[in-house]
Amino acid sequence: MTDATAKSPSANLAPMFISHGSPMLVARQNTPAFDFFVGELGRHTDGVRAILIVSAHWQTDAPTISTAAQQETIHDFFGFPKPLYDLRYDVAGDPELAGQIADQIDIATDDARGLDHGAWMPMILARPNADIPVFQLSMLGHGSPKDHYELGKKLRGLRDLGVLVIGSGAMTHNLRVLDRNEGPIDPWAKEFTDWMVEKTRTHDIDALLDYRKRAPHAAMAHPEDDHLMPFYVALGAASDDFTPDLIHNSYEFGNLAMTAMRFYDQGAIKTAA
């Protein structure tokens with residue numbers, strides 16, 4: 001948003017998509033994405049009752065919500081420095097609220113599942129005091145953008161419960177071509193990201209759902225599309241007349257887009273006097 005706009009108190013319940021990046025995010029303290037997570041993302045989550053995260057790293061045959069009272073920190077990555085495996089995010093879940101959501105949208109529950117790194121790594125930076133309950137909703141293991149968009153629609157009522165929906169994935173995700181030397185941004189990554197942002201801005205849902213055929217460099221940006229599916233859940237959770245806001249847009253490793261977007265209700269944004 002620009003300086004000419006302001007948000008209503010309910011705006012922090014607007015669904016959000018974040019690119020959670022590499023597990024090294026917590027150690028890379030000199031990047032724009034790190035600054036976003038430790039600063040602005042915390043403010044974007046202030047005042048909510050609970051946070052429901054849909055991470056690219058939890059996939060099941062049918063949607064499942066975690067109902068654990070205490071969320072285990074899952075280190076679901078390999079080959080990284082030992083200090084990353086020592087990190088713990090000791091945040092509570094909310095079994096009663098998660099169970100209520102499960103009943104409301106008719107999905108399964110899992111009382112043992114904790115938080116994978118797509119969930120706890122952004123939160124350990126944004127809310128280091130673990131002062132808001134966090135729990136996860138799984139993605140569909142073989143679901144399409146349309147399937148995940150429809151799943152998101154089922155979550156629209158969560159705002160009435162004070163629950164913030166966050167889709168955590170990646171706007172681009174091709175690990176085979178990352179530039180560890182941090183060279184210039186690859187044009188294909190920027191062109192793909194710009195296309196996604198523009199189609200969101202113009203509410204071209206049909207194009208977004210058919211991104212695999214229509215978006216430039218789609219196969220390069222996502223050899224597998226699991227990390228883009230959380231975007232569609234967050235998009236579906238937005239109201240039909242949402243106002244998109246590009247709240248962060250940077251790149252790491254040459255082509256890993258760290259894009260974050262928020263989907264406000266029109267009534268949640270007003271022009272400042």
# chains A, B, ... in the order shown; residues from 1 in each chain; ligands from 1
call {"tool": "select_by_dssp", "arguments": {"residues": "stretch 57-262 of chain A", "states": "helix (DSSP H, G or I)", "output": "PyMOL selection string"}}
result
chain A and resi 82-86+95-105+117-126+145-153+156-161+175-177+187-201+205-209+211-214+218-221+226-237
call {"tool": "closest_atom_pairs", "arguments": {"of": "stretch 150-261 of chain A", "to": "stretch 34-39 of chain A", "cutoff": "12 Å", "atoms": "only C-alpha atoms", "output": "JSON lines"}}
result
{"residue": "A:Ile247", "atom": "CA", "partner": "A:Phe36", "partner_atom": "CA", "distance": 8.9}
{"residue": "A:His248", "atom": "CA", "partner": "A:Phe36", "partner_atom": "CA", "distance": 7.1}
{"residue": "A:Asn249", "atom": "CA", "partner": "A:Phe36", "partner_atom": "CA", "distance": 9.6}
{"residue": "A:Ser250", "atom": "CA", "partner": "A:Phe36", "partner_atom": "CA", "distance": 9.8}
{"residue": "A:Tyr251", "atom": "CA", "partner": "A:Phe34", "partner_atom": "CA", "distance": 11.3}
{"residue": "A:Glu252", "atom": "CA", "partner": "A:Phe34", "partner_atom": "CA", "distance": 10.7}
{"residue": "A:Met258", "atom": "CA", "partner": "A:Phe36", "partner_atom": "CA", "distance": 9.8}
{"residue": "A:Thr259", "atom": "CA", "partner": "A:Phe36", "partner_atom": "CA", "distance": 10.4}
{"residue": "A:Ala260", "atom": "CA", "partner": "A:Phe36", "partner_atom": "CA", "distance": 9.5}
call {"tool": "select_by_dssp", "arguments": {"residues": "stretch 2-233 of chain A", "states": "strand (DSSP E or B)", "output": "PDB file with N, CA and C atoms, in the first residue's frame"}}
result
ATOM      1  N   THR A   5      -2.828   5.456   1.949  1.00  0.00           N
ATOM      2  CA  THR A   5      -3.872   4.545   2.400  1.00  0.00           C
ATOM      3  C   THR A   5      -3.653   4.185   3.851  1.00  0.00           C
ATOM      4  N   ALA A   6      -4.740   3.753   4.472  1.00  0.00           N
ATOM      5  CA  ALA A   6      -4.672   3.301   5.861  1.00  0.00           C
ATOM      6  C   ALA A   6      -5.480   2.032   5.981  1.00  0.00           C
ATOM      7  N   LYS A   7      -5.198   1.256   7.031  1.00  0.00           N
ATOM      8  CA  LYS A   7      -5.885  -0.014   7.224  1.00  0.00           C
ATOM      9  C   LYS A   7      -6.818   0.063   8.415  1.00  0.00           C
ATOM     10  N   MET A  16      -2.831 -13.886   3.643  1.00  0.00           N
ATOM     11  CA  MET A  16      -1.508 -13.462   3.217  1.00  0.00           C
ATOM     12  C   MET A  16      -0.769 -14.639   2.583  1.00  0.00           C
ATOM     13  N   PHE A  17       0.050 -14.336   1.594  1.00  0.00           N
ATOM     14  CA  PHE A  17       0.985 -15.312   1.042  1.00  0.00           C
ATOM     15  C   PHE A  17       2.391 -14.823   1.286  1.00  0.00           C
ATOM     16  N   ILE A  18       3.256 -15.714   1.771  1.00  0.00           N
ATOM     17  CA  ILE A  18       4.663 -15.377   1.969  1.00  0.00           C
ATOM     18  C   ILE A  18       5.538 -16.426   1.292  1.00  0.00           C
ATOM     19  N   SER A  19       6.691 -16.002   0.834  1.00  0.00           N
ATOM     20  CA  SER A  19       7.712 -16.921   0.324  1.00  0.00           C
ATOM     21  C   SER A  19       8.697 -17.151   1.465  1.00  0.00           C
ATOM     22  N   ALA A  50      -5.257 -16.234  16.417  1.00  0.00           N
ATOM     23  CA  ALA A  50      -4.419 -17.383  16.074  1.00  0.00           C
ATOM     24  C   ALA A  50      -4.006 -17.261  14.620  1.00  0.00           C
ATOM     25  N   ILE A  51      -2.974 -18.032  14.250  1.00  0.00           N
ATOM     26  CA  ILE A  51      -2.462 -18.039  12.877  1.00  0.00           C
ATOM     27  C   ILE A  51      -2.537 -19.458  12.331  1.00  0.00           C
ATOM     28  N   LEU A  52      -3.211 -19.604  11.205  1.00  0.00           N
ATOM     29  CA  LEU A  52      -3.295 -20.885  10.501  1.00  0.00           C
ATOM     30  C   LEU A  52      -2.395 -20.807   9.280  1.00  0.00           C
ATOM     31  N   ILE A  53      -1.388 -21.667   9.221  1.00  0.00           N
ATOM     32  CA  ILE A  53      -0.424 -21.640   8.124  1.00  0.00           C
ATOM     33  C   ILE A  53      -0.613 -22.856   7.220  1.00  0.00           C
ATOM     34  N   VAL A  54      -0.674 -22.594   5.940  1.00  0.00           N
ATOM     35  CA  VAL A  54      -0.694 -23.650   4.929  1.00  0.00           C
ATOM     36  C   VAL A  54       0.684 -23.657   4.291  1.00  0.00           C
ATOM     37  N   SER A  55       1.487 -24.654   4.639  1.00  0.00           N
ATOM     38  CA  SER A  55       2.874 -24.720   4.186  1.00  0.00           C
ATOM     39  C   SER A  55       3.022 -25.723   3.042  1.00  0.00           C
ATOM     40  N   GLN A  59       1.789 -32.133   3.004  1.00  0.00           N
ATOM     41  CA  GLN A  59       0.833 -32.540   1.981  1.00  0.00           C
ATOM     42  C   GLN A  59       0.183 -33.855   2.389  1.00  0.00           C
ATOM     43  N   THR A  60      -1.119 -33.924   2.251  1.00  0.00           N
ATOM     44  CA  THR A  60      -1.883 -35.122   2.580  1.00  0.00           C
ATOM     45  C   THR A  60      -2.910 -35.373   1.479  1.00  0.00           C
ATOM     46  N   THR A  64      -6.115 -31.622   6.264  1.00  0.00           N
ATOM     47  CA  THR A  64      -5.997 -32.027   7.662  1.00  0.00           C
ATOM     48  C   THR A  64      -5.465 -30.853   8.464  1.00  0.00           C
ATOM     49  N   ILE A  65      -6.011 -30.642   9.647  1.00  0.00           N
ATOM     50  CA  ILE A  65      -5.587 -29.531  10.496  1.00  0.00           C
ATOM     51  C   ILE A  65      -4.915 -30.078  11.742  1.00  0.00           C
ATOM     52  N   SER A  66      -3.869 -29.399  12.186  1.00  0.00           N
ATOM     53  CA  SER A  66      -3.143 -29.862  13.363  1.00  0.00           C
ATOM     54  C   SER A  66      -3.834 -29.360  14.629  1.00  0.00           C
ATOM     55  N   GLN A  70       0.747 -28.331  21.984  1.00  0.00           N
ATOM     56  CA  GLN A  70       2.085 -27.745  21.918  1.00  0.00           C
ATOM     57  C   GLN A  70       2.710 -28.160  20.596  1.00  0.00           C
ATOM     58  N   THR A  73       8.683 -28.514  16.868  1.00  0.00           N
ATOM     59  CA  THR A  73       9.481 -27.885  15.822  1.00  0.00           C
ATOM     60  C   THR A  73      10.075 -28.978  14.941  1.00  0.00           C
ATOM     61  N   ALA A  92       2.419 -22.476  21.292  1.00  0.00           N
ATOM     62  CA  ALA A  92       1.232 -23.293  21.554  1.00  0.00           C
ATOM     63  C   ALA A  92       0.352 -23.373  20.320  1.00  0.00           C
ATOM     64  N   ALA A 108     -10.222 -33.409   8.331  1.00  0.00           N
ATOM     65  CA  ALA A 108      -9.625 -34.296   9.324  1.00  0.00           C
ATOM     66  C   ALA A 108      -8.731 -33.509  10.287  1.00  0.00           C
ATOM     67  N   THR A 109      -8.391 -34.156  11.399  1.00  0.00           N
ATOM     68  CA  THR A 109      -7.501 -33.555  12.387  1.00  0.00           C
ATOM     69  C   THR A 109      -6.298 -34.463  12.621  1.00  0.00           C
ATOM     70  N   ASP A 110      -5.214 -33.863  13.121  1.00  0.00           N
ATOM     71  CA  ASP A 110      -4.000 -34.597  13.465  1.00  0.00           C
ATOM     72  C   ASP A 110      -3.469 -33.983  14.752  1.00  0.00           C
ATOM     73  N   LEU A 115       5.035 -28.103  13.569  1.00  0.00           N
ATOM     74  CA  LEU A 115       5.243 -27.083  12.553  1.00  0.00           C
ATOM     75  C   LEU A 115       6.499 -27.393  11.742  1.00  0.00           C
ATOM     76  N   VAL A 134      -0.231 -20.960  16.908  1.00  0.00           N
ATOM     77  CA  VAL A 134      -0.009 -21.256  15.498  1.00  0.00           C
ATOM     78  C   VAL A 134      -0.333 -22.724  15.260  1.00  0.00           C
ATOM     79  N   PHE A 135      -1.057 -23.012  14.193  1.00  0.00           N
ATOM     80  CA  PHE A 135      -1.260 -24.395  13.788  1.00  0.00           C
ATOM     81  C   PHE A 135      -1.353 -24.442  12.272  1.00  0.00           C
ATOM     82  N   GLN A 136      -1.272 -25.653  11.715  1.00  0.00           N
ATOM     83  CA  GLN A 136      -1.171 -25.810  10.267  1.00  0.00           C
ATOM     84  C   GLN A 136      -2.373 -26.523   9.662  1.00  0.00           C
ATOM     85  N   LEU A 137      -2.578 -26.231   8.386  1.00  0.00           N
ATOM     86  CA  LEU A 137      -3.523 -26.955   7.548  1.00  0.00           C
ATOM     87  C   LEU A 137      -2.729 -27.527   6.387  1.00  0.00           C
ATOM     88  N   MET A 139      -1.756 -29.140   2.683  1.00  0.00           N
ATOM     89  CA  MET A 139      -2.119 -29.015   1.285  1.00  0.00           C
ATOM     90  C   MET A 139      -2.573 -30.364   0.750  1.00  0.00           C
ATOM     91  N   LEU A 140      -3.154 -30.332  -0.433  1.00  0.00           N
ATOM     92  CA  LEU A 140      -3.564 -31.559  -1.119  1.00  0.00           C
ATOM     93  C   LEU A 140      -2.381 -32.098  -1.906  1.00  0.00           C
ATOM     94  N   VAL A 163      -8.957 -15.632  13.108  1.00  0.00           N
ATOM     95  CA  VAL A 163      -7.834 -16.446  12.651  1.00  0.00           C
ATOM     96  C   VAL A 163      -7.262 -15.878  11.356  1.00  0.00           C
ATOM     97  N   LEU A 164      -5.968 -15.658  11.343  1.00  0.00           N
ATOM     98  CA  LEU A 164      -5.250 -15.204  10.160  1.00  0.00           C
ATOM     99  C   LEU A 164      -4.763 -16.401   9.358  1.00  0.00           C
ATOM    100  N   VAL A 165      -5.073 -16.424   8.071  1.00  0.00           N
ATOM    101  CA  VAL A 165      -4.627 -17.483   7.168  1.00  0.00           C
ATOM    102  C   VAL A 165      -3.380 -17.010   6.424  1.00  0.00           C
ATOM    103  N   ILE A 166      -2.301 -17.794   6.530  1.00  0.00           N
ATOM    104  CA  ILE A 166      -1.070 -17.501   5.807  1.00  0.00           C
ATOM    105  C   ILE A 166      -0.707 -18.701   4.930  1.00  0.00           C
ATOM    106  N   GLY A 167      -0.551 -18.468   3.642  1.00  0.00           N
ATOM    107  CA  GLY A 167       0.007 -19.469   2.747  1.00  0.00           C
ATOM    108  C   GLY A 167       1.511 -19.271   2.684  1.00  0.00           C
ATOM    109  N   SER A 168       2.278 -20.311   2.966  1.00  0.00           N
ATOM    110  CA  SER A 168       3.737 -20.198   3.029  1.00  0.00           C
ATOM    111  C   SER A 168       4.370 -21.127   2.002  1.00  0.00           C
ATOM    112  N   GLY A 169       4.920 -20.545   0.956  1.00  0.00           N
ATOM    113  CA  GLY A 169       5.531 -21.332  -0.110  1.00  0.00           C
ATOM    114  C   GLY A 169       6.664 -20.562  -0.755  1.00  0.00           C
TER     115      GLY A 169
END
call {"tool": "closest_atom_pairs", "arguments": {"of": "stretch 133-174 of chain A", "to": "stretch 204-226 of chain A", "cutoff": "6 Å", "atoms": "only C-alpha atoms", "output": "JSON lines"}}
result
{"residue": "A:Pro145", "atom": "CA", "partner": "A:Leu209", "partner_atom": "CA", "distance": 5.4}
{"residue": "A:Lys146", "atom": "CA", "partner": "A:Leu209", "partner_atom": "CA", "distance": 5.9}
{"residue": "A:Thr172", "atom": "CA", "partner": "A:Ala221", "partner_atom": "CA", "distance": 4.9}
{"residue": "A:His173", "atom": "CA", "partner": "A:His222", "partner_atom": "CA", "distance": 5.4}
{"residue": "A:Asn174", "atom": "CA", "partner": "A:His222", "partner_atom": "CA", "distance": 5.9}
call {"tool": "residues_around", "arguments": {"residues": "A:Ala68", "least_positions_apart": "3", "cutoff": "7 Å", "atoms": "only C-alpha atoms", "output": "number ranges by chain"}}
result
A: 71, 93, 95, 111-113
call {"tool": "write_last_selection", "arguments": {"atoms": "C-alpha atoms", "output": "short mmCIF file (atom, residue, chain, number, x, y, z; two decimals), in the first residue's frame"}}
result
data_model
loop_
_atom_site.label_atom_id
_atom_site.label_comp_id
_atom_site.auth_asym_id
_atom_site.auth_seq_id
_atom_site.Cartn_x
_atom_site.Cartn_y
_atom_site.Cartn_z
CA GLN A 71 3.61 -27.46 18.49
CA GLY A 93 -1.45 -24.56 19.26
CA PRO A 95 -6.81 -27.62 19.98
CA ASP A 111 -3.10 -34.20 17.14
CA ALA A 112 0.57 -35.12 16.67
CA ARG A 113 1.67 -32.93 13.77
#
call {"tool": "residues_around", "arguments": {"residues": "stretch 76-84 of chain A", "least_positions_apart": "5", "cutoff": "8 Å", "atoms": "only C-alpha atoms", "output": "VMD selection string"}}
result
chain A and resid 23 to 24 116 to 117
call {"tool": "write_last_selection", "arguments": {"atoms": "all heavy atoms", "output": "mmCIF file, in the first residue's frame"}}
result
data_model
loop_
_atom_site.group_PDB
_atom_site.id
_atom_site.type_symbol
_atom_site.label_atom_id
_atom_site.label_comp_id
_atom_site.auth_asym_id
_atom_site.auth_seq_id
_atom_site.Cartn_x
_atom_site.Cartn_y
_atom_site.Cartn_z
ATOM 1 N N PRO A 23 16.022 -22.545 4.440
ATOM 2 C CA PRO A 23 16.208 -22.638 5.896
ATOM 3 C C PRO A 23 17.291 -21.713 6.425
ATOM 4 O O PRO A 23 17.305 -21.380 7.614
ATOM 5 C CB PRO A 23 16.592 -24.114 6.093
ATOM 6 C CG PRO A 23 15.927 -24.826 4.969
ATOM 7 C CD PRO A 23 16.038 -23.880 3.801
ATOM 8 N N MET A 24 18.186 -21.275 5.548
ATOM 9 C CA MET A 24 19.251 -20.355 5.968
ATOM 10 C C MET A 24 18.733 -18.937 6.195
ATOM 11 O O MET A 24 19.492 -18.063 6.622
ATOM 12 C CB MET A 24 20.362 -20.323 4.915
ATOM 13 C CG MET A 24 21.223 -21.581 4.891
ATOM 14 S SD MET A 24 22.130 -21.821 6.439
ATOM 15 C CE MET A 24 23.274 -20.438 6.372
ATOM 16 N N ASP A 116 6.346 -27.515 10.417
ATOM 17 C CA ASP A 116 7.512 -27.695 9.565
ATOM 18 C C ASP A 116 8.189 -26.336 9.342
ATOM 19 O O ASP A 116 7.686 -25.301 9.784
ATOM 20 C CB ASP A 116 7.118 -28.359 8.246
ATOM 21 C CG ASP A 116 6.097 -27.559 7.457
ATOM 22 O OD1 ASP A 116 6.364 -26.387 7.144
ATOM 23 O OD2 ASP A 116 5.013 -28.107 7.162
ATOM 24 N N HIS A 117 9.319 -26.351 8.635
ATOM 25 C CA HIS A 117 10.087 -25.113 8.565
ATOM 26 C C HIS A 117 9.404 -24.037 7.733
ATOM 27 O O HIS A 117 9.721 -22.849 7.879
ATOM 28 C CB HIS A 117 11.522 -25.379 8.052
ATOM 29 C CG HIS A 117 11.651 -25.566 6.577
ATOM 30 N ND1 HIS A 117 11.510 -26.791 5.950
ATOM 31 C CD2 HIS A 117 11.937 -24.672 5.588
ATOM 32 C CE1 HIS A 117 11.708 -26.639 4.654
ATOM 33 N NE2 HIS A 117 11.964 -25.377 4.402
#
call {"tool": "atom_distance", "arguments": {"atom1": "atom CA of A:Ala257", "atom2": "atom CA of A:Pro230"}}
result
14.6 Å
call {"tool": "closest_residue", "arguments": {"among": "A:Phe231, A:Phe242, A:Phe253, A:Trp188", "to": "A:Gln266", "atoms": "only C-alpha atoms"}}
result
A:Phe242
call {"tool": "atom_distance", "arguments": {"atom1": "atom CA of A:His142", "atom2": "atom CA of A:Ile107"}}
result
16.7 Å
call {"tool": "closest_residue", "arguments": {"among": "A:Ala170, A:Leu125, A:Ala238, A:Met261", "to": "A:Arg28", "atoms": "only C-alpha atoms"}}
result
A:Leu125
call {"tool": "closest_residue", "arguments": {"among": "A:His75, A:Ala62, A:Gly42, A:Leu256", "to": "A:Gly141", "atoms": "only C-alpha atoms"}}
result
A:Ala62
call {"tool": "atom_distance", "arguments": {"atom1": "atom CA of A:Arg156", "atom2": "atom CA of A:Gly236"}}
result
7.9 Å
